[in-house]
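Okay, run_2.pdb now, which holds PDB, C-alpha atoms:
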ATOM      1  CA  MET A1236       2.307  11.327 -22.397
ATOM      2  CA  THR A1237       3.557   7.772 -22.014
ATOM      3  CA  VAL A1238       1.198   4.845 -22.490
ATOM      4  CA  GLN A1239       1.686   1.931 -20.115
ATOM      5  CA  THR A1240      -0.026  -1.422 -20.286
ATOM      6  CA  PHE A1241      -1.434  -2.652 -16.994
ATOM      7  CA  VAL A1242      -1.452  -6.422 -16.558
ATOM      8  CA  PRO A1243      -3.231  -7.342 -13.277
ATOM      9  CA  GLY A1244      -1.357 -10.629 -12.904
ATOM     10  CA  GLN A1245       1.977  -8.796 -12.944
ATOM     11  CA  VAL A1246       1.366  -6.349 -10.090
ATOM     12  CA  GLU A1247       4.293  -6.030  -7.726
ATOM     13  CA  ILE A1248       4.131  -4.734  -4.157
ATOM     14  CA  ASN A1249       7.189  -5.065  -1.928
ATOM     15  CA  MET A1250       8.135  -4.571   1.716
ATOM     16  CA  THR A1251      11.544  -3.768   3.113
ATOM     17  CA  GLU A1252      12.948  -6.079   5.767
ATOM     18  CA  ALA A1253      12.103  -3.489   8.453
ATOM     19  CA  ALA A1254       8.484  -3.254   7.242
ATOM     20  CA  ARG A1255       8.107  -7.025   7.065
ATOM     21  CA  LYS A1256       9.413  -7.506  10.609
ATOM     22  CA  GLN A1257       7.167  -4.757  12.005
ATOM     23  CA  ALA A1258       4.151  -6.108  10.100
ATOM     24  CA  GLN A1259       4.751  -9.565  11.559
ATOM     25  CA  ARG A1260       4.992  -8.109  15.093
ATOM     26  CA  GLU A1261       1.763  -6.139  14.644
ATOM     27  CA  LEU A1262      -0.072  -9.093  13.076
ATOM     28  CA  GLU A1263       0.915 -11.246  16.030
ATOM     29  CA  ARG A1264      -0.144  -8.547  18.510
ATOM     30  CA  ALA A1265      -3.496  -8.087  16.745
ATOM     31  CA  ALA A1266      -3.976 -11.860  16.299
ATOM     32  CA  ALA A1267      -4.783 -11.147  12.646
ATOM     33  CA  GLY A1268      -4.127 -13.178   9.527
ATOM     34  CA  GLY A1269      -3.100 -10.370   7.190
ATOM     35  CA  ILE A1270      -2.973  -6.703   6.349
ATOM     36  CA  ARG A1271      -5.494  -4.981   4.103
ATOM     37  CA  LEU A1272      -3.960  -2.060   2.209
ATOM     38  CA  ASP A1273      -6.674   0.257   0.965
ATOM     39  CA  LEU A1274      -6.824   3.771  -0.434
ATOM     40  CA  ASP A1275      -9.202   6.426   0.785
ATOM     41  CA  GLU A1276     -10.153   9.277  -1.505
ATOM     42  CA  SER A1277      -9.352  12.072   0.933
ATOM     43  CA  GLY A1278      -6.530  14.232   2.200
ATOM     44  CA  CYS A1279      -5.201  17.375   0.620
ATOM     45  CA  SER A1280      -3.744  15.623  -2.439
ATOM     46  CA  GLY A1281      -6.426  13.069  -3.263
ATOM     47  CA  TYR A1282      -5.603   9.624  -1.839
ATOM     48  CA  MET A1283      -4.481   8.317   1.551
ATOM     49  CA  TYR A1284      -3.121   4.878   2.423
ATOM     50  CA  GLU A1285      -5.045   2.860   5.011
ATOM     51  CA  LEU A1286      -3.754  -0.275   6.736
ATOM     52  CA  GLU A1287      -6.117  -2.612   8.553
ATOM     53  CA  PHE A1288      -5.259  -5.854  10.325
ATOM     54  CA  VAL A1289      -7.790  -8.477   9.232
ATOM     55  CA  ASP A1290      -8.393 -12.228   9.389
ATOM     56  CA  GLN A1291      -9.322 -12.633   5.726
ATOM     57  CA  PRO A1292      -9.536 -10.610   2.523
ATOM     58  CA  ALA A1293     -12.660  -8.692   1.570
ATOM     59  CA  ALA A1294     -14.550  -9.549  -1.616
ATOM     60  CA  GLY A1295     -12.605  -8.176  -4.572
ATOM     61  CA  ASP A1296      -9.214  -8.171  -2.826
ATOM     62  CA  LYS A1297      -6.085  -9.580  -4.436
ATOM     63  CA  HIS A1298      -3.834 -11.582  -2.123
ATOM     64  CA  PHE A1299      -0.079 -10.973  -2.088
ATOM     65  CA  ASP A1300       2.365 -13.040  -0.060
ATOM     66  CA  VAL A1301       5.163 -10.603   0.736
ATOM     67  CA  ASP A1302       7.895 -12.696   2.357
ATOM     68  CA  GLY A1303       5.378 -14.471   4.590
ATOM     69  CA  VAL A1304       3.136 -11.455   5.251
ATOM     70  CA  ALA A1305      -0.376 -11.771   3.791
ATOM     71  CA  LEU A1306      -1.271  -8.474   2.111
ATOM     72  CA  TYR A1307      -4.745  -7.881   0.674
ATOM     73  CA  VAL A1308      -5.366  -5.068  -1.820
ATOM     74  CA  PRO A1309      -8.678  -4.125  -3.460
ATOM     75  CA  GLU A1310      -8.372  -4.898  -7.167
ATOM     76  CA  LYS A1311      -9.630  -1.438  -8.132
ATOM     77  CA  TRP A1312      -6.426   0.123  -6.701
ATOM     78  CA  LEU A1313      -3.880  -2.266  -8.256
ATOM     79  CA  VAL A1314      -2.998   0.048 -11.136
ATOM     80  CA  MET A1315      -2.222   2.869  -8.687
ATOM     81  CA  LEU A1316      -0.210   0.663  -6.314
ATOM     82  CA  ASN A1317       1.816  -1.348  -8.827
ATOM     83  CA  GLY A1318       5.494  -1.058  -7.881
ATOM     84  CA  LEU A1319       4.744   0.180  -4.344
ATOM     85  CA  GLU A1320       7.393  -0.336  -1.678
ATOM     86  CA  ILE A1321       6.368  -0.316   1.980
ATOM     87  CA  ASP A1322       9.052   0.599   4.490
ATOM     88  CA  TYR A1323       9.089   1.042   8.263
ATOM     89  CA  VAL A1324      11.123   4.035   9.375
ATOM     90  CA  LYS A1325      11.953   6.062  12.452
ATOM     91  CA  GLU A1326      11.553   9.809  12.099
ATOM     92  CA  GLY A1327      12.590  11.550  15.283
ATOM     93  CA  VAL A1328      10.654   9.925  18.125
ATOM     94  CA  ASN A1329       8.046   8.440  15.760
ATOM     95  CA  SER A1330       8.055   5.136  13.884
ATOM     96  CA  LEU A1331       5.749   4.571  10.941
ATOM     97  CA  PHE A1332       5.080   2.683   7.746
ATOM     98  CA  LYS A1333       6.260   4.747   4.786
ATOM     99  CA  PHE A1334       4.987   4.215   1.255
ATOM    100  CA  ARG A1335       7.132   4.750  -1.846
ATOM    101  CA  ASN A1336       4.769   4.783  -4.799
ATOM    102  CA  PRO A1337       6.329   5.182  -8.261
ATOM    103  CA  ASN A1338       2.883   6.145  -9.625
ATOM    104  CA  ALA A1339       2.460   9.135  -7.293
ATOM    105  CA  THR A1340       2.887  12.393  -9.177
ATOM    106  CA  GLY A1341       2.683  14.591  -6.079
ATOM    107  CA  GLU A1342       2.265  14.597  -2.314
ATOM    108  CA  CYS A1343       0.818  17.056   0.144
ATOM    109  CA  GLY A1344       3.204  18.989   2.374
ATOM    110  CA  CYS A1345       2.617  16.763   5.409
ATOM    111  CA  GLY A1346       3.136  13.558   3.366
ATOM    112  CA  GLU A1347      -0.205  12.038   4.389
ATOM    113  CA  SER A1348      -1.787  11.956   0.922
ATOM    114  CA  PHE A1349      -0.742  11.722  -2.714
ATOM    115  CA  THR A1350      -1.880  12.492  -6.245
ATOM    116  CA  VAL A1351      -1.859  10.231  -9.289
ATOM    117  CA  GLU A1352      -2.395  11.645 -12.765
ATOM    118  CA  ASP A1353      -3.198   9.898 -16.038
ATOM    119  CA  MET A1354      -4.744   6.818 -14.422
ATOM    120  CA  ASP A1355      -7.716   6.413 -16.731
ATOM    121  CA  GLU A1356      -8.029   2.730 -15.821
ATOM    122  CA  VAL A1357      -9.043   3.568 -12.222
TER     123      VAL A1357
END
Would you kindly transcribe this structure into structure tokens?
Amino acid sequence: MTVQTFVPGQVEINMTEAARKQAQRELERAAAGGIRLDLDESGCSGYMYELEFVDQPAAGDKHFDVDGVALYVPEKWLVMLNGLEIDYVKEGVNSLFKFRNPNATGECGCGESFTVEDMDEV
């Protein structure tokens, strides 16, 4: 087992250019000030990503400015989301935000949820 030190001030979350452009379009359409990225403890593997268009962060959220997109993340999930990349992709006739999480140790077959092991800090 590898021991990693988690430093809250050094959390990094990134968006691809495609994700940033789509986020800006959706924020404008929703007349919202930012995106809240949350995790829900559900799904077949344990955790699911949830995006919500909001005007302001909730209590306990950390604010990230990702190339002009305001992203709010609950502090309790920072250790699990550190290094996350958000992309916007087309798969067949569908377009969706795709999450690449270096901390995920497994995903369910449909790709809707993920597992993280050895996260004692959470």
Starting from the shown file, work through the PyMOL selection byres ((chain A and resi 1271) around 9) and note down what comes out as a PDB file with C-alpha atoms, keeping the file's coordinate frame.
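Output contents, as saved in part-v7.pdb:
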ATOM      1  CA  GLY A1269      -3.100 -10.370   7.190  1.00  0.00           C
ATOM      2  CA  ILE A1270      -2.973  -6.703   6.349  1.00  0.00           C
ATOM      3  CA  LEU A1272      -3.960  -2.060   2.209  1.00  0.00           C
ATOM      4  CA  ASP A1273      -6.674   0.257   0.965  1.00  0.00           C
ATOM      5  CA  GLU A1285      -5.045   2.860   5.011  1.00  0.00           C
ATOM      6  CA  LEU A1286      -3.754  -0.275   6.736  1.00  0.00           C
ATOM      7  CA  GLU A1287      -6.117  -2.612   8.553  1.00  0.00           C
ATOM      8  CA  PHE A1288      -5.259  -5.854  10.325  1.00  0.00           C
ATOM      9  CA  VAL A1289      -7.790  -8.477   9.232  1.00  0.00           C
ATOM     10  CA  GLN A1291      -9.322 -12.633   5.726  1.00  0.00           C
ATOM     11  CA  PRO A1292      -9.536 -10.610   2.523  1.00  0.00           C
ATOM     12  CA  ALA A1293     -12.660  -8.692   1.570  1.00  0.00           C
ATOM     13  CA  ASP A1296      -9.214  -8.171  -2.826  1.00  0.00           C
ATOM     14  CA  ALA A1305      -0.376 -11.771   3.791  1.00  0.00           C
ATOM     15  CA  LEU A1306      -1.271  -8.474   2.111  1.00  0.00           C
ATOM     16  CA  TYR A1307      -4.745  -7.881   0.674  1.00  0.00           C
ATOM     17  CA  VAL A1308      -5.366  -5.068  -1.820  1.00  0.00           C
ATOM     18  CA  PRO A1309      -8.678  -4.125  -3.460  1.00  0.00           C
TER      19      PRO A1309
END
Problem set entry | Atom pair atom CA of Trp1312 of chain A / atom CA of Asn1329 of chain A: separation (Å) | 28.0 Å
Problem set entry | Answer key for the PyMOL selection byres ((chain A and resi 1257) around 12), residues as a ChimeraX atom specification | /A:1250-1256,1258-1264,1270,1304,1321-1325,1330-1333
For this session: Tell me which residues the PyMOL selection byres ((chain A and resi 1350) around 9) grabs here, as a PyMOL selection string.
Result: chain A and resi 1280-1282+1338-1343+1348-1349+1351-1352
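Between atom CA of Gly1268 of chain A and atom CA of Ala1294 of chain A there is a distance of 15.7 Å.
Shortest separation to Met1283 of chain A among A:Pro1337, A:Leu1316, A:Phe1299, A:Gly1327 occurs at residue A:Leu1316, atoms counted being only C-alpha atoms.
Atom CA of Asp1275 of chain A lies 18.1 Å from atom CA of Ile1248 of chain A.
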